[in-house]
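Q: Please find start_33.pdb (PDB, C-alpha atoms and all ligand atoms) on the next line:
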```pdb
MODEL        1
ATOM      1  CA  MET M   1     109.896  98.968 102.008  1.00  0.00           C
ATOM      2  CA  LEU M   2     109.648 100.529  98.503  1.00  0.00           C
ATOM      3  CA  THR M   3     109.815  97.821  95.832  1.00  0.00           C
ATOM      4  CA  GLN M   4     111.444  98.385  92.437  1.00  0.00           C
ATOM      5  CA  GLU M   5     107.958  98.665  90.897  1.00  0.00           C
ATOM      6  CA  MET M   6     106.998 101.353  93.426  1.00  0.00           C
ATOM      7  CA  ARG M   7     110.269 103.238  92.935  1.00  0.00           C
ATOM      8  CA  LYS M   8     109.702 103.288  89.170  1.00  0.00           C
ATOM      9  CA  LEU M   9     106.159 104.628  89.489  1.00  0.00           C
ATOM     10  CA  ILE M  10     107.181 107.361  91.958  1.00  0.00           C
ATOM     11  CA  SER M  11     110.210 108.382  89.872  1.00  0.00           C
ATOM     12  CA  GLU M  12     108.183 108.619  86.676  1.00  0.00           C
ATOM     13  CA  HIS M  13     105.099 110.199  88.291  1.00  0.00           C
ATOM     14  CA  SER M  14     106.643 112.348  90.980  1.00  0.00           C
ATOM     15  CA  ALA M  15     103.509 114.324  91.838  1.00  0.00           C
ATOM     16  CA  GLY M  16     102.046 112.989  95.074  1.00  0.00           C
ATOM     17  CA  MET M  17      98.903 113.971  96.922  1.00  0.00           C
ATOM     18  CA  VAL M  18     100.008 114.551 100.519  1.00  0.00           C
ATOM     19  CA  ALA M  19      97.504 113.950 103.315  1.00  0.00           C
ATOM     20  CA  THR M  20      98.025 115.473 106.750  1.00  0.00           C
ATOM     21  CA  ILE M  21      95.733 116.180 109.702  1.00  0.00           C
ATOM     22  CA  ASN M  22      94.498 119.656 110.610  1.00  0.00           C
ATOM     23  CA  ASP M  23      94.170 120.997 114.183  1.00  0.00           C
ATOM     24  CA  ASP M  24      90.434 120.199 114.207  1.00  0.00           C
ATOM     25  CA  GLY M  25      91.046 116.611 113.074  1.00  0.00           C
ATOM     26  CA  SER M  26      89.883 117.182 109.519  1.00  0.00           C
ATOM     27  CA  PRO M  27      92.050 115.904 106.646  1.00  0.00           C
ATOM     28  CA  SER M  28      94.159 118.106 104.399  1.00  0.00           C
ATOM     29  CA  VAL M  29      95.250 116.792 100.988  1.00  0.00           C
ATOM     30  CA  SER M  30      97.763 118.894  99.108  1.00  0.00           C
ATOM     31  CA  PRO M  31      99.564 118.356  95.784  1.00  0.00           C
ATOM     32  CA  LYS M  32     103.379 118.211  95.772  1.00  0.00           C
ATOM     33  CA  ALA M  33     105.273 117.504  92.559  1.00  0.00           C
ATOM     34  CA  THR M  34     108.919 117.695  93.662  1.00  0.00           C
ATOM     35  CA  PHE M  35     109.277 114.261  95.226  1.00  0.00           C
ATOM     36  CA  VAL M  36     112.562 112.396  95.340  1.00  0.00           C
ATOM     37  CA  ILE M  37     113.351 108.916  96.656  1.00  0.00           C
ATOM     38  CA  LEU M  38     116.179 109.136  99.190  1.00  0.00           C
ATOM     39  CA  ASP M  39     116.291 105.397  99.934  1.00  0.00           C
ATOM     40  CA  ASP M  40     113.904 102.426 100.199  1.00  0.00           C
ATOM     41  CA  LYS M  41     112.421 103.796 103.408  1.00  0.00           C
ATOM     42  CA  THR M  42     112.530 107.543 102.797  1.00  0.00           C
ATOM     43  CA  ILE M  43     110.955 109.965 100.338  1.00  0.00           C
ATOM     44  CA  ALA M  44     110.936 113.770 100.418  1.00  0.00           C
ATOM     45  CA  PHE M  45     109.529 116.801  98.634  1.00  0.00           C
ATOM     46  CA  GLY M  46     110.726 120.387  98.493  1.00  0.00           C
ATOM     47  CA  ASN M  47     109.048 123.202 100.365  1.00  0.00           C
ATOM     48  CA  LEU M  48     108.085 125.840  97.831  1.00  0.00           C
ATOM     49  CA  ARG M  49     104.784 127.008  99.326  1.00  0.00           C
ATOM     50  CA  SER M  50     103.403 124.549 101.893  1.00  0.00           C
ATOM     51  CA  PRO M  51     102.651 126.388 105.166  1.00  0.00           C
ATOM     52  CA  GLY M  52      99.596 124.288 106.056  1.00  0.00           C
ATOM     53  CA  THR M  53     101.284 120.948 105.488  1.00  0.00           C
ATOM     54  CA  ILE M  54     104.389 121.987 107.439  1.00  0.00           C
ATOM     55  CA  GLY M  55     102.260 123.306 110.304  1.00  0.00           C
ATOM     56  CA  ASN M  56     100.341 120.034 110.458  1.00  0.00           C
ATOM     57  CA  ILE M  57     103.345 117.707 110.426  1.00  0.00           C
ATOM     58  CA  GLY M  58     105.039 119.751 113.130  1.00  0.00           C
ATOM     59  CA  LYS M  59     102.216 118.766 115.476  1.00  0.00           C
ATOM     60  CA  ARG M  60     100.974 115.503 113.945  1.00  0.00           C
ATOM     61  CA  PRO M  61     103.658 113.829 111.820  1.00  0.00           C
ATOM     62  CA  ASN M  62     101.477 110.975 110.538  1.00  0.00           C
ATOM     63  CA  THR M  63     101.246 111.467 106.786  1.00  0.00           C
ATOM     64  CA  GLU M  64     100.114 109.570 103.704  1.00  0.00           C
ATOM     65  CA  VAL M  65     101.014 110.213 100.076  1.00  0.00           C
ATOM     66  CA  CYS M  66      99.342 108.769  96.990  1.00  0.00           C
ATOM     67  CA  PHE M  67     101.185 108.690  93.645  1.00  0.00           C
ATOM     68  CA  ILE M  68      99.231 107.800  90.503  1.00  0.00           C
ATOM     69  CA  ASP M  69     100.314 106.580  87.088  1.00  0.00           C
ATOM     70  CA  VAL M  70      97.316 107.946  85.206  1.00  0.00           C
ATOM     71  CA  LEU M  71      98.237 106.057  82.030  1.00  0.00           C
ATOM     72  CA  ALA M  72      98.665 102.579  83.494  1.00  0.00           C
ATOM     73  CA  ARG M  73      96.014 103.184  86.160  1.00  0.00           C
ATOM     74  CA  LYS M  74      98.275 102.119  89.007  1.00  0.00           C
ATOM     75  CA  ALA M  75      99.068 103.842  92.287  1.00  0.00           C
ATOM     76  CA  VAL M  76     101.404 103.689  95.250  1.00  0.00           C
ATOM     77  CA  ARG M  77     100.235 104.652  98.705  1.00  0.00           C
ATOM     78  CA  VAL M  78     102.973 105.546 101.162  1.00  0.00           C
ATOM     79  CA  SER M  79     102.308 105.937 104.896  1.00  0.00           C
ATOM     80  CA  GLY M  80     104.869 107.427 107.223  1.00  0.00           C
ATOM     81  CA  THR M  81     106.010 110.079 109.630  1.00  0.00           C
ATOM     82  CA  ALA M  82     107.069 113.429 108.257  1.00  0.00           C
ATOM     83  CA  LYS M  83     109.471 116.077 109.482  1.00  0.00           C
ATOM     84  CA  TYR M  84     110.515 119.451 108.134  1.00  0.00           C
ATOM     85  CA  LEU M  85     114.188 120.208 107.533  1.00  0.00           C
ATOM     86  CA  ARG M  86     115.462 123.679 106.653  1.00  0.00           C
ATOM     87  CA  ASN M  87     118.118 123.994 103.935  1.00  0.00           C
ATOM     88  CA  SER M  88     120.832 124.509 106.566  1.00  0.00           C
ATOM     89  CA  GLN M  89     119.958 121.115 108.096  1.00  0.00           C
ATOM     90  CA  LEU M  90     120.266 119.090 104.877  1.00  0.00           C
ATOM     91  CA  SER M  91     122.906 116.421 104.356  1.00  0.00           C
ATOM     92  CA  GLU M  92     124.912 116.225 101.135  1.00  0.00           C
ATOM     93  CA  THR M  93     122.863 113.177 100.149  1.00  0.00           C
ATOM     94  CA  GLN M  94     119.596 115.064 100.557  1.00  0.00           C
ATOM     95  CA  GLN M  95     120.893 118.105  98.684  1.00  0.00           C
ATOM     96  CA  GLY M  96     122.300 115.900  95.926  1.00  0.00           C
ATOM     97  CA  ALA M  97     119.037 114.044  95.400  1.00  0.00           C
ATOM     98  CA  PHE M  98     117.135 117.305  94.897  1.00  0.00           C
ATOM     99  CA  ALA M  99     119.864 118.908  92.771  1.00  0.00           C
ATOM    100  CA  GLU M 100     119.845 115.894  90.461  1.00  0.00           C
ATOM    101  CA  LYS M 101     116.090 115.897  89.850  1.00  0.00           C
ATOM    102  CA  TRP M 102     114.938 119.470  90.506  1.00  0.00           C
ATOM    103  CA  SER M 103     117.921 121.686  89.698  1.00  0.00           C
ATOM    104  CA  ASP M 104     115.682 124.492  88.370  1.00  0.00           C
ATOM    105  CA  TYR M 105     114.047 124.827  91.797  1.00  0.00           C
ATOM    106  CA  MET M 106     117.127 124.620  94.041  1.00  0.00           C
ATOM    107  CA  ASP M 107     117.171 128.329  94.901  1.00  0.00           C
ATOM    108  CA  LYS M 108     113.397 128.301  95.472  1.00  0.00           C
ATOM    109  CA  PHE M 109     113.313 125.528  98.089  1.00  0.00           C
ATOM    110  CA  ALA M 110     113.132 126.797 101.658  1.00  0.00           C
ATOM    111  CA  GLY M 111     113.691 123.263 102.962  1.00  0.00           C
ATOM    112  CA  ILE M 112     112.375 119.757 102.507  1.00  0.00           C
ATOM    113  CA  ILE M 113     109.697 117.578 104.047  1.00  0.00           C
ATOM    114  CA  GLU M 114     111.154 114.133 104.650  1.00  0.00           C
ATOM    115  CA  ILE M 115     108.849 111.155 105.144  1.00  0.00           C
ATOM    116  CA  SER M 116     110.116 108.034 106.935  1.00  0.00           C
ATOM    117  CA  ILE M 117     108.047 105.207 105.478  1.00  0.00           C
ATOM    118  CA  THR M 118     106.148 102.880 107.789  1.00  0.00           C
ATOM    119  CA  ALA M 119     103.956 101.120 105.198  1.00  0.00           C
ATOM    120  CA  THR M 120     103.414 100.979 101.451  1.00  0.00           C
ATOM    121  CA  GLU M 121     100.720  99.608  99.182  1.00  0.00           C
ATOM    122  CA  PHE M 122     100.711  99.056  95.430  1.00  0.00           C
ATOM    123  CA  ILE M 123      97.184  99.633  94.108  1.00  0.00           C
ATOM    124  CA  LEU M 124      95.711  98.522  90.789  1.00  0.00           C
ATOM    125  CA  SER M 125      92.646 100.127  89.245  1.00  0.00           C
ATOM    126  CA  PRO M 126      89.479  98.053  89.100  1.00  0.00           C
ATOM    127  CA  ALA M 127      89.902  98.433  85.317  1.00  0.00           C
ATOM    128  CA  TYR M 128      92.229  95.416  85.616  1.00  0.00           C
ATOM    129  CA  ASP M 129      89.324  93.424  87.085  1.00  0.00           C
ATOM    130  CA  LEU M 130      87.606  93.849  83.718  1.00  0.00           C
ATOM    131  CA  GLY M 131      90.447  91.908  82.124  1.00  0.00           C
ATOM    132  CA  LEU M 132      92.101  94.898  80.458  1.00  0.00           C
ATOM    133  CA  GLU M 133      95.870  94.753  79.891  1.00  0.00           C
ATOM    134  CA  GLU M 134      98.221  97.551  80.933  1.00  0.00           C
ATOM    135  CA  SER M 135      99.088  98.256  77.286  1.00  0.00           C
ATOM    136  CA  GLU M 136      95.391  98.760  76.466  1.00  0.00           C
ATOM    137  CA  LEU M 137      94.909 101.112  79.390  1.00  0.00           C
ATOM    138  CA  ARG M 138      98.025 103.103  78.478  1.00  0.00           C
ATOM    139  CA  GLU M 139      96.862 103.486  74.894  1.00  0.00           C
ATOM    140  CA  ALA M 140      93.303 104.513  75.826  1.00  0.00           C
ATOM    141  CA  ASN M 141      94.341 106.923  78.579  1.00  0.00           C
ATOM    142  CA  LEU M 142      97.096 108.504  76.500  1.00  0.00           C
ATOM    143  CA  ALA M 143      94.597 109.082  73.704  1.00  0.00           C
ATOM    144  CA  HIS M 144      92.231 110.656  76.202  1.00  0.00           C
ATOM    145  CA  LEU M 145      94.933 112.995  77.574  1.00  0.00           C
ATOM    146  CA  GLN M 146      95.976 113.976  74.067  1.00  0.00           C
ATOM    147  CA  SER M 147      92.367 114.786  73.214  1.00  0.00           C
ATOM    148  CA  LEU M 148      92.272 117.374  76.002  1.00  0.00           C
ATOM    149  CA  SER M 149      93.289 120.868  75.106  1.00  0.00           C
TER     150      SER M 149
HETATM  151  C1  LIG M 201     100.717 120.266  90.645  1.00  0.00           C
HETATM  152  C2  LIG M 201     101.190 121.019  91.868  1.00  0.00           C
HETATM  153  C3  LIG M 201     102.413 120.689  92.416  1.00  0.00           C
HETATM  154  C4  LIG M 201     102.885 121.359  93.542  1.00  0.00           C
HETATM  155  N1  LIG M 201     104.096 120.998  94.082  1.00  0.00           N
HETATM  156  C5  LIG M 201     104.528 121.604  95.200  1.00  0.00           C
HETATM  157  C6  LIG M 201     105.744 121.195  95.818  1.00  0.00           C
HETATM  158  O1  LIG M 201     106.453 120.278  95.367  1.00  0.00           O
HETATM  159  N2  LIG M 201     106.127 121.846  96.946  1.00  0.00           N
HETATM  160  C7  LIG M 201     105.386 122.853  97.508  1.00  0.00           C
HETATM  161  O2  LIG M 201     105.769 123.381  98.543  1.00  0.00           O
HETATM  162  N3  LIG M 201     104.231 123.274  96.928  1.00  0.00           N
HETATM  163  C8  LIG M 201     103.785 122.663  95.822  1.00  0.00           C
HETATM  164  N4  LIG M 201     102.613 123.058  95.242  1.00  0.00           N
HETATM  165  C9  LIG M 201     101.900 124.181  95.828  1.00  0.00           C
HETATM  166  C10 LIG M 201     101.108 123.800  97.062  1.00  0.00           C
HETATM  167  O3  LIG M 201     100.408 122.578  96.909  1.00  0.00           O
HETATM  168  C11 LIG M 201     100.099 124.953  97.379  1.00  0.00           C
HETATM  169  O4  LIG M 201     100.819 126.111  97.677  1.00  0.00           O
HETATM  170  C12 LIG M 201      99.140 124.565  98.468  1.00  0.00           C
HETATM  171  O5  LIG M 201      98.119 125.546  98.558  1.00  0.00           O
HETATM  172  C13 LIG M 201      99.832 124.434  99.800  1.00  0.00           C
HETATM  173  O6  LIG M 201      98.906 123.985 100.763  1.00  0.00           O
HETATM  174  P1  LIG M 201      99.396 123.470 102.169  1.00  0.00           P
HETATM  175  O7  LIG M 201     100.109 124.594 102.847  1.00  0.00           O
HETATM  176  O8  LIG M 201      98.141 123.057 102.879  1.00  0.00           O
HETATM  177  O9  LIG M 201     100.318 122.317 101.905  1.00  0.00           O
HETATM  178  C14 LIG M 201     102.119 122.390  94.128  1.00  0.00           C
HETATM  179  C15 LIG M 201     100.885 122.716  93.569  1.00  0.00           C
HETATM  180  C16 LIG M 201     100.423 122.032  92.453  1.00  0.00           C
HETATM  181  C17 LIG M 201      99.079 122.408  91.882  1.00  0.00           C
ENDMDL
END
```
In structure tokens, write the structure found in this file.
Ligand SMILES: Cc1cc2nc3c(=O)[nH]c(=O)nc-3n(C[C@H](O)[C@H](O)[C@H](O)COP(=O)(O)O)c2cc1C
A:
Amino acid sequence: MLTQEMRKLISEHSAGMVATINDDGSPSVSPKATFVILDDKTIAFGNLRSPGTIGNIGKRPNTEVCFIDVLARKAVRVSGTAKYLRNSQLSETQQGAFAEKWSDYMDKFAGIIEISITATEFILSPAYDLGLEESELREANLAHLQSLS
């Protein structure tokens, strides 16, 4: 389900905006920067401080996440069903994936939110419609970021 191109973007830009559904049907979008890829059909992030998101997925597991490469102006949208797993419920594979990427946070995680992927979409910015190349966008957007202080 996740292509190599998608895996690369998510690994390099591991902050995803996580959308869930509140009790009243309104959307909730929340930033999570501790994503790992468990396999081609599963991603997860660590629970540091996400009571609203965890409450929502417990009742309505449908979830979407959007990852953005702000330099190349590309994105990956992941749709799926989410579930919360406490640390005591984690497999060695799950623990290993987080230990490898987020070792500094291991004693801060209260558990993980695992998302079983049902659909993915690779999204290009309309900037590409203007005929701009990725290298040009990277250069311009990096310069912009470096100009911020
Ligand atoms: C850039 C950024 C990254 C974050 N990453 C995480 C994360 O990986 N895990 C987590 O539990 N909270 C993370 N947070 C904190 C939550 O997003 C924050 O506590 C939020 O208010 C939780 O809202 P929720 O309970 O509706 O999910 C992050 C916040 C920011 C700004």
Q: Restricting the calculation to all atoms listed in the file: of M:Val18, M:Ala82, M:Asp23, M:Leu71, which residue gets closest to M:Leu145?
A: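 Closest candidate: M:Leu71.
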Q: As a PyMOL selection string, please: every protein or nucleic acid residue near ligand LIG 201 (chain M) (cut-off 9 Å, counting only C-alpha atoms and all ligand atoms).
A: chain M and resi 15-20+28-35+45-56+109-110+112-113
Q: My list of candidates is M:Ile123, M:Ile21, M:Ala75, M:Val70. Which is closest to M:Asn141 when distances are computed with only C-alpha atoms?
A: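 Checking each candidate against M:Asn141, we get M:Val70 as the closest.
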Q: The PyMOL selection byres (((chain M and resi 62-64) around 6) and not hetatm) - which residues does that actually catch in the file I just gave you? List them as a PyMOL selection string.
A: chain M and resi 18-20+60-61+65+78-81
Q: I need the residue nearest M:Glu133 from this list: M:Asn87, M:Gly58, M:Ala99, M:Ala72. Use all atoms listed in the file for the distance.
A: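 Checking each candidate against M:Glu133, we get M:Ala72 as the closest.
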Q: I'd like the interatomic distance between atom CA of M:Asp69 and atom CA of M:Leu142, to a tenth of an Å.
A: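 Taking atom CA of M:Asp69 as the start and atom CA of M:Leu142 as the end point, the length is 11.2 Å.
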Q: What gap, in Å, lies between atom CA of M:Gln95 and atom CA of M:Asp40?
A: 17.2 Å
Q: Run the PyMOL selection byres (((chain M and resi 94) around 12) and not hetatm) against the file shown and list the residues it catches, as a ChimeraX atom specification.
A: /M:35-39,42-46,85-93,95-102,106,111-114
Q: Do you know which residues the PyMOL selection byres (((chain M and resi 127) around 12) and not hetatm) returns on this file, as number ranges by chain?
A: M: 71-74, 123-126, 128-134, 136-138, 140-141
Q: Take atom CA of M:Thr120 and atom CA of M:Val76 and report the distance between them in Å, one decimal.
A: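 One can read the atom CA of M:Thr120 to atom CA of M:Val76 distance as 7.1 Å.
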Q: With all atoms listed in the file as the atoms that count, which of M:Lys83, M:Arg7, M:His144, M:His13 lies nearest to M:Lys59?
A: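 Checking each of M:Lys83, M:Arg7, M:His144, M:His13 against M:Lys59, counting all atoms listed in the file, the winner is M:Lys83.
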Q: Once 8 Å is added on each side, what centre and edge lengths in Å to one decimal does the axis-aligned box around all listed atoms of stretch 64-80 of chain M have, as AutoDock Vina command-line options?
A:
```
--center_x 100.4 --center_y 106.2 --center_z 94.6 --size_x 24.9 --size_y 24.1 --size_z 41.2
```
Q: Taking the structure I provided as the source, export stretch 127-145 of chain M with N, CA and C atoms, as a PDB file, in the first residue's frame.
A:
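New file part-v4.pdb:
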```
ATOM      1  N   ALA M 127       2.296  23.803  -7.733  1.00  0.00           N
ATOM      2  CA  ALA M 127       3.511  24.464  -8.236  1.00  0.00           C
ATOM      3  C   ALA M 127       4.103  23.676  -9.402  1.00  0.00           C
ATOM      4  N   TYR M 128       3.918  22.340  -9.391  1.00  0.00           N
ATOM      5  CA  TYR M 128       4.431  21.529 -10.503  1.00  0.00           C
ATOM      6  C   TYR M 128       3.654  21.796 -11.794  1.00  0.00           C
ATOM      7  N   ASP M 129       2.400  22.241 -11.655  1.00  0.00           N
ATOM      8  CA  ASP M 129       1.604  22.560 -12.849  1.00  0.00           C
ATOM      9  C   ASP M 129       2.190  23.771 -13.579  1.00  0.00           C
ATOM     10  N   LEU M 130       2.945  24.587 -12.832  1.00  0.00           N
ATOM     11  CA  LEU M 130       3.553  25.772 -13.444  1.00  0.00           C
ATOM     12  C   LEU M 130       4.811  25.414 -14.229  1.00  0.00           C
ATOM     13  N   GLY M 131       5.189  24.132 -14.154  1.00  0.00           N
ATOM     14  CA  GLY M 131       6.372  23.689 -14.890  1.00  0.00           C
ATOM     15  C   GLY M 131       7.645  23.731 -14.064  1.00  0.00           C
ATOM     16  N   LEU M 132       7.527  24.013 -12.767  1.00  0.00           N
ATOM     17  CA  LEU M 132       8.722  24.069 -11.927  1.00  0.00           C
ATOM     18  C   LEU M 132       9.246  22.663 -11.655  1.00  0.00           C
ATOM     19  N   GLU M 133      10.566  22.531 -11.569  1.00  0.00           N
ATOM     20  CA  GLU M 133      11.201  21.249 -11.255  1.00  0.00           C
ATOM     21  C   GLU M 133      11.345  21.119  -9.743  1.00  0.00           C
ATOM     22  N   GLU M 134      11.454  19.864  -9.277  1.00  0.00           N
ATOM     23  CA  GLU M 134      11.624  19.646  -7.835  1.00  0.00           C
ATOM     24  C   GLU M 134      12.863  20.371  -7.306  1.00  0.00           C
ATOM     25  N   SER M 135      13.951  20.343  -8.064  1.00  0.00           N
ATOM     26  CA  SER M 135      15.188  20.982  -7.588  1.00  0.00           C
ATOM     27  C   SER M 135      14.983  22.491  -7.388  1.00  0.00           C
ATOM     28  N   GLU M 136      14.197  23.099  -8.267  1.00  0.00           N
ATOM     29  CA  GLU M 136      13.930  24.546  -8.141  1.00  0.00           C
ATOM     30  C   GLU M 136      13.090  24.832  -6.897  1.00  0.00           C
ATOM     31  N   LEU M 137      12.100  23.968  -6.678  1.00  0.00           N
ATOM     32  CA  LEU M 137      11.245  24.167  -5.503  1.00  0.00           C
ATOM     33  C   LEU M 137      12.048  23.967  -4.214  1.00  0.00           C
ATOM     34  N   ARG M 138      12.887  22.933  -4.206  1.00  0.00           N
ATOM     35  CA  ARG M 138      13.713  22.684  -3.009  1.00  0.00           C
ATOM     36  C   ARG M 138      14.589  23.898  -2.704  1.00  0.00           C
ATOM     37  N   GLU M 139      15.219  24.408  -3.730  1.00  0.00           N
ATOM     38  CA  GLU M 139      16.139  25.542  -3.548  1.00  0.00           C
ATOM     39  C   GLU M 139      15.374  26.764  -3.019  1.00  0.00           C
ATOM     40  N   ALA M 140      14.245  27.079  -3.652  1.00  0.00           N
ATOM     41  CA  ALA M 140      13.480  28.270  -3.263  1.00  0.00           C
ATOM     42  C   ALA M 140      12.902  28.119  -1.853  1.00  0.00           C
ATOM     43  N   ASN M 141      12.383  26.937  -1.541  1.00  0.00           N
ATOM     44  CA  ASN M 141      11.749  26.759  -0.233  1.00  0.00           C
ATOM     45  C   ASN M 141      12.775  26.642   0.890  1.00  0.00           C
ATOM     46  N   LEU M 142      13.938  26.078   0.576  1.00  0.00           N
ATOM     47  CA  LEU M 142      15.005  26.034   1.579  1.00  0.00           C
ATOM     48  C   LEU M 142      15.483  27.450   1.881  1.00  0.00           C
ATOM     49  N   ALA M 143      15.628  28.244   0.849  1.00  0.00           N
ATOM     50  CA  ALA M 143      16.058  29.639   1.042  1.00  0.00           C
ATOM     51  C   ALA M 143      15.030  30.385   1.893  1.00  0.00           C
ATOM     52  N   HIS M 144      13.765  30.117   1.616  1.00  0.00           N
ATOM     53  CA  HIS M 144      12.718  30.774   2.409  1.00  0.00           C
ATOM     54  C   HIS M 144      12.819  30.359   3.883  1.00  0.00           C
ATOM     55  N   LEU M 145      12.953  29.053   4.140  1.00  0.00           N
ATOM     56  CA  LEU M 145      13.038  28.585   5.533  1.00  0.00           C
ATOM     57  C   LEU M 145      14.257  29.187   6.231  1.00  0.00           C
TER      58      LEU M 145
END
```
